[in-house]
Amino acid sequence: MLTRLAGGRVIDPANGRDAVGDIFIRDGRIVDAPSSGIADETYNVSKRIVMAGAIDVHSHIAGNNETMGRLLLPEQRYPSDVVHPGHFPQPRGTWNTFETGRIYATMGFTTVVEPAVLPHQAMQAHLELADIPIIDKATLTVLGNDDFLLNLLHRREGPDAIRDYVAWTLGTSRGLGIKVINAGGVAAFKDNLRAFSLDDEVPVYGVSSRAIMKSLQQAVHELKLPHPLHVHCNNLGMAGNVETALATIAAAEGLPLHLAHVQFYGYGTEGPRGFSSGGARLAEAVNAAGSVTVDVGQVMFGQTVTISCDVLRQFNARNGARPRKWMICDGDSNGGGIVPYNYRGTDFFNAVQWAVGLELFLLTKDPWRVFFTTDHPNGAPFTAYPDILALLMDRDLRTEWISRLPKEAMAVTTLASIAREYTLTEVAIMTRAAPAKLLGLKDRGHLGPGALADIAVYEAHTDKAKMFREAALVFKDGQLVVRDGALLDYPYGRTLTVHIERERTIERRMRDYYEERYGLSPDFMTVADAAVGRAESFETIPCLS
Amino acid sequence: MAEAWIRGKSAALDVAIAEAASLLAASRLPVIAGLGTDVAGARAAIKLAQSVGGVVDHMHSEALLRDLDVMREAGMMVTTPNEARVRADFLLLVGPGLIEAWPALPERLFANRRIVWLCPDASAKPENTYQNMVLVGDNPLDLPVILPALRARCAGRPVANPLLALATIDLLVAELRKVRFGVAIWSAARQDGLIIEMLCGLVDDLNKRTRFSGLPLAPSDNAAAVQQVAGWMTGFPLRSGFGRGFPEHDPWRFEASRLIDSGEADCALWISAYGARPPAWKRNPPLVALTAKPDTLGADVTIAVGRPGIDHDAVEHLAATATLSAVSANKPTTAMSVASVLGRIRAALPAARPC
């Protein structure tokens with residue numbers, strides 16, 4: 001069957017297209033216009049905006065830590081005004097797998113990356129992802145505080161051994177890429193260190209955070225993984241940590257490196273409270289470092305919960321929990337920490353954080369290198385996306401927000417002076433074309449022939465938050481799943497993994513290692529299709545050629 | 001071999017499934033309880049509960065919620081069994097039920113480190129004690145006095161009448177201060193919530209100077225895995241209900257035994273695939289039982305199911321790793337899984353749920 005979306009404003013920056021025109025869909029893919037111009041069904045989308053389905057590169061939507069968060073905060077909900085009556089299983093904004101898929105889809109998102117899967121807990125992450133409907137998913141595998149890697153570095157075994165180990169772990173956990181979270185800092189905390197920076201060494205192993213990060217960056221590069229090493233730096237959330245971010249950017253040394261939720265590293269030490277925005281300096285460094293990409297991790301005001309594998313940071317933050325309850329886990333490698341938090345518009349520090357995020361969006365010049373995230377749920381739930389897009393696209397709206405925030409907080413940022421407003425094309429780059437490129441997903445993020453028919457159609461409202469909160473139409477693999485912000489059906493999507501060859505020698509070596517260190521076979525980590533329990537759960541993408 | 005019974009008489013599976021579906025469909029508020037099953041069974045049970053507007057509760061929810069309540073009321077620092085094995089130089093075993101909760105505990109964790117067992121039960125018998133183990137206190141009922149005394153002494157405060165010689169407690173305090181990475185182990189199935197909170201408070205205090213973490217031992221019957229599944233599918237722990245069309249959580253309102261004994265719930269589906277544990281309630285509502293052993297609970301409908309990880313492949317919570325992991329059947333049979341039975345019951349429900 002041939003489907004035609006007729007007469008919309010098609011914004012497809014990957015293909016250099018921004019014009020009124022048609023999109024044709026057949027068998028779940030976008031196809032060329034037929035010579036006859038006749039389709040079996042036609043949706044009139046005139047005066048509407050047509051974009052590819054959006055892609056989120058960093059959102060904690062699944063896994064043991066997220067679910068411990070759900071258990072810890074049964075009162076936490078996705079802020080959702082919309083009650084969906086009828087036949088859908090869970091009609092309110094409950095923080096669960098079904099609502100995750102539903103709310104993402106109604107905003108026009110069709111692919112989301114869960115960025116923190118510990119290898120030993122990969123099974124649970126994939127089980128949860130399989131239960132999220134509509135959207136496609138992918139995971140990043142977390143390394144950098146694991147005994148095996150630290151030992152390889154300690155013994156100076158060289159890049160080949162590290163590369164083989166990274167490939168083995170990525171394949172076993174069925175990830176799309178590799179992430180490092182406070183490299184070495186979590187391992188150091190187990191040895192009672194309470195602070196850890198880029199050039200500090202992990203006790204016992206005697207390797208620095210920098211060395212760990214560089215070795216993983218190198219391995220990712222040599223393995224030709226499409227997604228660069230995804231880095232959660234040291235010193236998250238601390239005053240003055242912009243220096244850490246700048247040092248980490250410098251350490252990229254021209255090779256691809258993705259820095260996650262940089263808002264949380266955009267802090268200087270100026271002003272009366274010794275806490276100020278370093279956003280301008282950080283953005284300048286990103287602008288100058290062409291091989292570096294960042295996602296923002298925007299803060300928005302309201303109740304949320306911070307969930308992180310940065311155990312050291314979460315431990316240090318636990319007594320600031322709002323409300324006062326928390327869970328910290330010293331894991332096999334990274335572990336996790338769950339600390340509820342309420343960002344308040346009356347709080348000096350929270351207001352600075354909010355401004356730093358927007359500065360980073362607005363001062364980073366290249367929309368291909370800055371990505372749209374709240375580090376869900378750490379800066380805000382992903383349900384805040386439409387409001388953030390509105391702030392980026394409307395200076396007057398920002399001015400109005402700024403007028404309601406503490407003046408002394410705004411005084412230590414440059415936000416009020418920034419005139420830039422994102423265009424729809426820049427939004428389409430930042431949320432579609434660029435993430436597809438960053439993740440190596442060639443048939444996503446654009447609307448050219450051959451692309452997956454993951455398509456979002458929006459009303460051209462002046463209220464941008466309303467526009468992006470409830471898509472007019474959303475197609476997933478060519479199937480209409482959302483109309484006027486309401487779910488029509490919930491097919492289950494796939495989890496994207498990268499195809500990677502694993503050496504036999506490392507397989508043997510890992511078996512011996514697990515037997516010796518844990519007295520266990522590594523089989524407990526295996527993520528088998530049958531165990532995930534949903535047919536055609538996985539889709540494999542190739543490495544770079 | 002018979003696989004289904006209706007009121008004690010062997011029945012064809014299809015007939016038993018249809019009877020189970022009609023009992024559930026006729027119910028105003030069914031409970032789906034026991035939930036001794038694998039991840040697939042838990043997923044299917046929650047889906048079924050959604051379809052019939054029922055309540056989900058696990059036979060060990062009480063223990064699960066005891067740990068969870070400490071987390072939800074205060075805070076909890078924990079570690080994994082693997083990390084305890086490779087890193088701990090000291091184990092603080094607290095109270096009874098530890099080896100009962102994890103029979104492999106001595107084999108996995110007792111070697112090569114200093115161990116103090118505070119107020120053990122009789123399982124701290126000679127074959128389970130090691131040269132590196134010291135028993136402090138001999139009655140689990142003394143814990144509510146001894147543990148707070150230990151925490152107070154760690155904080156440098158005076159205590160009165162701690163039931164033990166003060167010197168014994170202070171010796172332990174001195175030892176705790178020298179620990180590099182200590183792990184406190186307890187079993188919520190046999191422990192009071194306030195004791196767990198006190199212990200977690202002690203662990204947090206100890207982290208001011210050194211590293212210490214907790215290791216809560218999970219209850220049996222795959223309870224921890226079922227709780228995780230409930231967490232991601234509903235957003236809530238167990239003891240949640242779908243009676244109003246969406247999930248709600250309330251540890252009191254949705255307790256299966258209370259619902260049955262008060263008459264609020266008028267039908268039960270009981271799942272005990274790791275054995276055939278009976279429910280603890282006193283009334284006898286219409287009952288559908290899915291158990292690993294044939295007709296032993298006198299239910300209206302009984303369907304025999306396979307044991308997860310024994311008769312069929314399964315995903316379960318492993319005590320050794322505290323992860324959800326795939327387990328291959330070690331004696332594969334053709335016995336049906338809980339998931340497949342529940343899927344067929346759900347398919348046999350009348351299309352529209354009566355209001």
# chains A, B, ... in the order shown; residues from 1 in each chain; ligands from 1
$ residues_around --residues "Val474 in chain A" --least-positions-apart "6" --cutoff "8 Å" --atoms "only C-alpha atoms" --output "list of chain:residue names"
A:Gly53, A:Ala105, A:Thr106, A:Gly108, A:Asp454, A:Ile455, A:Ala456, A:Val457, A:Leu480, A:Val481, A:Val482, A:Arg483
$ write_last_selection --atoms "C-alpha atoms" --output "JSON list (two decimals), in the first residue's frame"
[["chain", "number", "residue", "atom", "x", "y", "z"],
["A", 53, "GLY", "CA", 10.76, 10.89, 13.99],
["A", 105, "ALA", "CA", 5.53, 8.66, 20.70],
["A", 106, "THR", "CA", 2.96, 11.39, 21.23],
["A", 108, "GLY", "CA", 7.01, 12.52, 17.82],
["A", 454, "ASP", "CA", 9.25, 7.12, 11.26],
["A", 455, "ILE", "CA", 7.57, 10.46, 10.77],
["A", 456, "ALA", "CA", 6.19, 13.20, 13.01],
["A", 457, "VAL", "CA", 3.70, 15.77, 11.76],
["A", 480, "LEU", "CA", -0.06, 5.60, 12.06],
["A", 481, "VAL", "CA", 0.30, 5.35, 15.86],
["A", 482, "VAL", "CA", -0.64, 8.84, 17.08],
["A", 483, "ARG", "CA", -3.32, 11.27, 15.95]]
$ residues_around --residues "range 196-207 of chain B" --least-positions-apart "2" --cutoff "7 Å" --atoms "only C-alpha atoms" --output "compact mmCIF listing (two decimals) with C-alpha atoms, in the first residue's frame"
# COMPACT_ATOMS: atom_id res chain seq x y z
CA VAL B 70 13.57 1.45 54.92
CA MET B 76 19.90 2.44 52.12
CA MET B 77 23.44 1.70 51.06
CA PRO B 148 21.18 0.24 68.75
CA ARG B 151 25.35 2.05 66.70
CA ASP B 192 11.95 -6.53 61.85
CA GLY B 193 11.74 -3.32 59.80
CA LEU B 194 13.07 -1.14 62.59
CA ARG B 209 35.19 7.10 58.09
CA THR B 210 35.45 3.95 56.08
CA ARG B 211 33.56 1.98 53.47
CA PHE B 212 30.66 -0.18 54.46
CA SER B 213 27.65 -1.47 52.56
$ select_by_dssp --residues "range 369-463 of chain A" --states "strand (DSSP E)" --output "ChimeraX atom specification"
/A:370-371,455-459
$ write_last_selection --atoms "C-alpha atoms" --output "short mmCIF file (atom, residue, chain, number, x, y, z; two decimals), in the first residue's frame"
data_model
loop_
_atom_site.label_atom_id
_atom_site.label_comp_id
_atom_site.auth_asym_id
_atom_site.auth_seq_id
_atom_site.Cartn_x
_atom_site.Cartn_y
_atom_site.Cartn_z
CA VAL A 370 24.77 19.80 20.49
CA PHE A 371 22.06 17.33 21.43
CA ILE A 455 7.57 10.46 10.77
CA ALA A 456 6.19 13.20 13.01
CA VAL A 457 3.70 15.77 11.76
CA TYR A 458 3.07 18.84 13.92
CA GLU A 459 0.53 21.65 13.85
#
$ select_by_dssp --residues "range 92-123 of chain A" --states "helix (DSSP H, G or I)" --output "PyMOL selection string"
chain A and resi 97-106+119-123
$ closest_atom_pairs --of "chain B" --to "chain A" --cutoff "9 Å" --atoms "only C-alpha atoms" --output "JSON lines"
{"residue": "B:Ala40", "atom": "CA", "partner": "A:Gly533", "partner_atom": "CA", "distance": 7.3}
{"residue": "B:Lys47", "atom": "CA", "partner": "A:Pro89", "partner_atom": "CA", "distance": 8.5}
{"residue": "B:Gln50", "atom": "CA", "partner": "A:Pro89", "partner_atom": "CA", "distance": 6.7}
{"residue": "B:Ser51", "atom": "CA", "partner": "A:Pro89", "partner_atom": "CA", "distance": 8.1}
{"residue": "B:Leu68", "atom": "CA", "partner": "A:Leu72", "partner_atom": "CA", "distance": 7.2}
{"residue": "B:Asp69", "atom": "CA", "partner": "A:Leu72", "partner_atom": "CA", "distance": 8.5}
{"residue": "B:Val70", "atom": "CA", "partner": "A:Lys325", "partner_atom": "CA", "distance": 8.7}
{"residue": "B:Met71", "atom": "CA", "partner": "A:Trp326", "partner_atom": "CA", "distance": 6.2}
{"residue": "B:Arg72", "atom": "CA", "partner": "A:Leu72", "partner_atom": "CA", "distance": 5.5}
{"residue": "B:Glu73", "atom": "CA", "partner": "A:Lys325", "partner_atom": "CA", "distance": 6.0}
{"residue": "B:Ala74", "atom": "CA", "partner": "A:Lys325", "partner_atom": "CA", "distance": 4.8}
{"residue": "B:Gly75", "atom": "CA", "partner": "A:Trp326", "partner_atom": "CA", "distance": 4.5}
{"residue": "B:Met76", "atom": "CA", "partner": "A:Met327", "partner_atom": "CA", "distance": 4.9}
{"residue": "B:Met77", "atom": "CA", "partner": "A:Ile328", "partner_atom": "CA", "distance": 4.8}
{"residue": "B:Val78", "atom": "CA", "partner": "A:Cys329", "partner_atom": "CA", "distance": 4.7}
{"residue": "B:Thr79", "atom": "CA", "partner": "A:Asp330", "partner_atom": "CA", "distance": 4.6}
{"residue": "B:Thr80", "atom": "CA", "partner": "A:Gly331", "partner_atom": "CA", "distance": 5.8}
{"residue": "B:Pro81", "atom": "CA", "partner": "A:Asp332", "partner_atom": "CA", "distance": 8.6}
{"residue": "B:Asn82", "atom": "CA", "partner": "A:Asp332", "partner_atom": "CA", "distance": 6.3}
{"residue": "B:Glu83", "atom": "CA", "partner": "A:Asp332", "partner_atom": "CA", "distance": 5.4}
{"residue": "B:Arg85", "atom": "CA", "partner": "A:Tyr518", "partner_atom": "CA", "distance": 7.3}
{"residue": "B:Val86", "atom": "CA", "partner": "A:Arg517", "partner_atom": "CA", "distance": 7.0}
{"residue": "B:Arg87", "atom": "CA", "partner": "A:Lys190", "partner_atom": "CA", "distance": 8.6}
{"residue": "B:Arg108", "atom": "CA", "partner": "A:Gly519", "partner_atom": "CA", "distance": 8.3}
{"residue": "B:Arg180", "atom": "CA", "partner": "A:Asp191", "partner_atom": "CA", "distance": 7.4}
{"residue": "B:Phe181", "atom": "CA", "partner": "A:Lys190", "partner_atom": "CA", "distance": 7.3}
{"residue": "B:Asn207", "atom": "CA", "partner": "A:Asn192", "partner_atom": "CA", "distance": 8.7}
{"residue": "B:Arg209", "atom": "CA", "partner": "A:Asn192", "partner_atom": "CA", "distance": 8.3}
{"residue": "B:Thr210", "atom": "CA", "partner": "A:Asn192", "partner_atom": "CA", "distance": 6.2}
{"residue": "B:Arg211", "atom": "CA", "partner": "A:Asn192", "partner_atom": "CA", "distance": 5.9}
{"residue": "B:Phe212", "atom": "CA", "partner": "A:Lys190", "partner_atom": "CA", "distance": 9.0}
{"residue": "B:Ser213", "atom": "CA", "partner": "A:Asp330", "partner_atom": "CA", "distance": 7.4}
{"residue": "B:Gly214", "atom": "CA", "partner": "A:Cys329", "partner_atom": "CA", "distance": 8.8}
{"residue": "B:Gln227", "atom": "CA", "partner": "A:Leu71", "partner_atom": "CA", "distance": 8.7}
{"residue": "B:Gln228", "atom": "CA", "partner": "A:Thr67", "partner_atom": "CA", "distance": 6.5}
{"residue": "B:Val229", "atom": "CA", "partner": "A:Glu128", "partner_atom": "CA", "distance": 8.2}
{"residue": "B:Gly231", "atom": "CA", "partner": "A:Thr67", "partner_atom": "CA", "distance": 5.6}
{"residue": "B:Trp232", "atom": "CA", "partner": "A:Asn96", "partner_atom": "CA", "distance": 5.1}
{"residue": "B:Met233", "atom": "CA", "partner": "A:Asn96", "partner_atom": "CA", "distance": 5.5}
{"residue": "B:Thr234", "atom": "CA", "partner": "A:Asn96", "partner_atom": "CA", "distance": 5.5}
{"residue": "B:Gly235", "atom": "CA", "partner": "A:Asn96", "partner_atom": "CA", "distance": 4.4}
{"residue": "B:Phe236", "atom": "CA", "partner": "A:Pro74", "partner_atom": "CA", "distance": 5.6}
{"residue": "B:Pro237", "atom": "CA", "partner": "A:Leu71", "partner_atom": "CA", "distance": 5.5}
{"residue": "B:Gly245", "atom": "CA", "partner": "A:Gln90", "partner_atom": "CA", "distance": 7.3}
{"residue": "B:Phe246", "atom": "CA", "partner": "A:Gln90", "partner_atom": "CA", "distance": 5.1}
{"residue": "B:Pro247", "atom": "CA", "partner": "A:Gln90", "partner_atom": "CA", "distance": 6.9}
{"residue": "B:His249", "atom": "CA", "partner": "A:Pro74", "partner_atom": "CA", "distance": 7.5}
{"residue": "B:Asp313", "atom": "CA", "partner": "A:Ala531", "partner_atom": "CA", "distance": 8.1}
{"residue": "B:Ala314", "atom": "CA", "partner": "A:Ala531", "partner_atom": "CA", "distance": 7.0}
{"residue": "B:Val315", "atom": "CA", "partner": "A:Ala531", "partner_atom": "CA", "distance": 6.5}
{"residue": "B:Leu318", "atom": "CA", "partner": "A:Phe524", "partner_atom": "CA", "distance": 8.6}
{"residue": "B:Ala320", "atom": "CA", "partner": "A:Leu520", "partner_atom": "CA", "distance": 8.6}
{"residue": "B:Thr321", "atom": "CA", "partner": "A:Phe524", "partner_atom": "CA", "distance": 8.3}
{"residue": "B:Thr323", "atom": "CA", "partner": "A:Gln121", "partner_atom": "CA", "distance": 6.1}
{"residue": "B:Leu324", "atom": "CA", "partner": "A:Gln124", "partner_atom": "CA", "distance": 5.8}
{"residue": "B:Ser325", "atom": "CA", "partner": "A:Phe524", "partner_atom": "CA", "distance": 5.3}
{"residue": "B:Ala326", "atom": "CA", "partner": "A:Ala531", "partner_atom": "CA", "distance": 6.2}
{"residue": "B:Val327", "atom": "CA", "partner": "A:Phe524", "partner_atom": "CA", "distance": 7.7}
$ residues_around --residues "range 7-13 of chain B" --least-positions-apart "2" --cutoff "10 Å" --atoms "only C-alpha atoms" --output "PyMOL selection string"
chain B and resi 1-5+15-19+287-288+294-304+341
$ write_last_selection --atoms "C-alpha atoms" --output "PDB file, in the first residue's frame"
ATOM      1  CA  MET B   1       0.117 -37.508  33.199  1.00  0.00           C
ATOM      2  CA  ALA B   2      -2.809 -35.369  34.254  1.00  0.00           C
ATOM      3  CA  GLU B   3      -2.121 -31.672  34.073  1.00  0.00           C
ATOM      4  CA  ALA B   4      -5.413 -30.095  35.114  1.00  0.00           C
ATOM      5  CA  TRP B   5      -8.168 -30.707  37.624  1.00  0.00           C
ATOM      6  CA  VAL B  15     -11.800 -27.089  29.931  1.00  0.00           C
ATOM      7  CA  ALA B  16      -9.759 -26.092  32.984  1.00  0.00           C
ATOM      8  CA  ILE B  17      -8.544 -22.937  31.241  1.00  0.00           C
ATOM      9  CA  ALA B  18     -12.095 -22.011  30.286  1.00  0.00           C
ATOM     10  CA  GLU B  19     -13.295 -22.625  33.849  1.00  0.00           C
ATOM     11  CA  LEU B 287      -9.575 -20.505  43.667  1.00  0.00           C
ATOM     12  CA  VAL B 288      -7.510 -21.189  40.572  1.00  0.00           C
ATOM     13  CA  PRO B 294      -0.509 -31.846  41.026  1.00  0.00           C
ATOM     14  CA  ASP B 295      -3.768 -31.004  42.782  1.00  0.00           C
ATOM     15  CA  THR B 296      -2.659 -30.492  46.372  1.00  0.00           C
ATOM     16  CA  LEU B 297      -4.367 -27.249  47.368  1.00  0.00           C
ATOM     17  CA  GLY B 298      -7.984 -28.297  46.834  1.00  0.00           C
ATOM     18  CA  ALA B 299      -8.595 -25.467  44.389  1.00  0.00           C
ATOM     19  CA  ASP B 300     -11.626 -25.166  42.130  1.00  0.00           C
ATOM     20  CA  VAL B 301      -9.275 -25.293  39.177  1.00  0.00           C
ATOM     21  CA  THR B 302      -5.724 -26.614  39.403  1.00  0.00           C
ATOM     22  CA  ILE B 303      -3.285 -26.549  36.519  1.00  0.00           C
ATOM     23  CA  ALA B 304       0.127 -28.166  36.905  1.00  0.00           C
ATOM     24  CA  VAL B 341      -1.108 -20.950  31.017  1.00  0.00           C
TER      25      VAL B 341
END
$ closest_residue --among "B:Ala292, B:Ala218, B:Val179, B:Val94" --to "Asn139 in chain B" --atoms "only C-alpha atoms"
B:Val94
$ residues_around --residues "Ala165 in chain B" --least-positions-apart "6" --cutoff "12 Å" --atoms "only C-alpha atoms" --output "JSON list (two decimals) with C-alpha atoms, in the first residue's frame"
[["chain", "number", "residue", "atom", "x", "y", "z"],
["B", 136, "VAL", "CA", 28.17, -12.06, 69.39],
["B", 137, "GLY", "CA", 24.91, -12.47, 71.30],
["B", 146, "ILE", "CA", 22.22, -4.86, 71.01],
["B", 149, "ALA", "CA", 23.82, -0.08, 71.48],
["B", 150, "LEU", "CA", 26.41, -0.92, 68.84],
["B", 159, "VAL", "CA", 24.68, 3.26, 76.50],
["B", 171, "LEU", "CA", 35.69, -4.43, 70.89],
["B", 172, "LEU", "CA", 33.37, -4.79, 67.93]]
$ decode --residues "range 118-175 of chain A" --atoms "C-alpha atoms" --output "compact mmCIF listing (two decimals), in the first residue's frame"
# COMPACT_ATOMS: atom_id res chain seq x y z
CA LEU A 118 26.03 -2.24 33.33
CA PRO A 119 27.19 -5.44 31.61
CA HIS A 120 26.09 -7.65 34.50
CA GLN A 121 22.61 -6.14 34.44
CA ALA A 122 22.07 -6.11 30.68
CA MET A 123 19.38 -8.80 30.79
CA GLN A 124 17.06 -6.66 32.88
CA ALA A 125 17.65 -3.58 30.75
CA HIS A 126 16.70 -5.49 27.61
CA LEU A 127 13.64 -7.00 29.26
CA GLU A 128 12.45 -3.53 30.18
CA LEU A 129 13.22 -2.06 26.77
CA ALA A 130 11.24 -4.87 25.16
CA ASP A 131 8.23 -3.78 27.23
CA ILE A 132 8.38 -0.16 26.01
CA PRO A 133 5.95 0.10 23.11
CA ILE A 134 6.14 1.96 19.81
CA ILE A 135 9.62 3.47 19.93
CA ASP A 136 12.86 1.75 18.95
CA LYS A 137 15.55 1.60 21.60
CA ALA A 138 19.29 1.09 22.02
CA THR A 139 21.67 0.86 24.95
CA LEU A 140 25.16 2.00 25.79
CA THR A 141 27.31 -0.42 27.74
CA VAL A 142 29.12 1.08 30.72
CA LEU A 143 32.83 0.37 31.20
CA GLY A 144 35.61 2.20 33.01
CA ASN A 145 35.21 1.11 36.63
CA ASP A 146 35.43 -2.62 35.95
CA ASP A 147 38.23 -4.66 37.44
CA PHE A 148 39.11 -6.40 34.20
CA LEU A 149 39.76 -3.18 32.27
CA LEU A 150 41.60 -1.55 35.17
CA ASN A 151 43.82 -4.60 35.38
CA LEU A 152 44.55 -4.55 31.66
CA LEU A 153 45.69 -0.96 32.06
CA HIS A 154 47.59 -1.71 35.26
CA ARG A 155 49.47 -4.51 33.52
CA ARG A 156 49.96 -2.37 30.41
CA GLU A 157 48.60 -5.06 28.16
CA GLY A 158 48.12 -2.66 25.29
CA PRO A 159 45.33 -1.60 22.97
CA ASP A 160 44.65 -4.98 21.33
CA ALA A 161 43.64 -6.61 24.58
CA ILE A 162 41.49 -3.64 25.52
CA ARG A 163 39.83 -3.62 22.14
CA ASP A 164 39.03 -7.35 22.34
CA TYR A 165 37.60 -6.92 25.82
CA VAL A 166 35.46 -3.94 24.80
CA ALA A 167 34.14 -5.92 21.83
CA TRP A 168 33.37 -8.92 24.04
CA THR A 169 31.51 -6.86 26.61
CA LEU A 170 29.60 -4.84 24.04
CA GLY A 171 28.56 -8.01 22.22
CA THR A 172 27.58 -9.81 25.41
CA SER A 173 25.46 -6.93 26.66
CA ARG A 174 24.06 -6.20 23.17
CA GLY A 175 24.76 -2.50 23.24
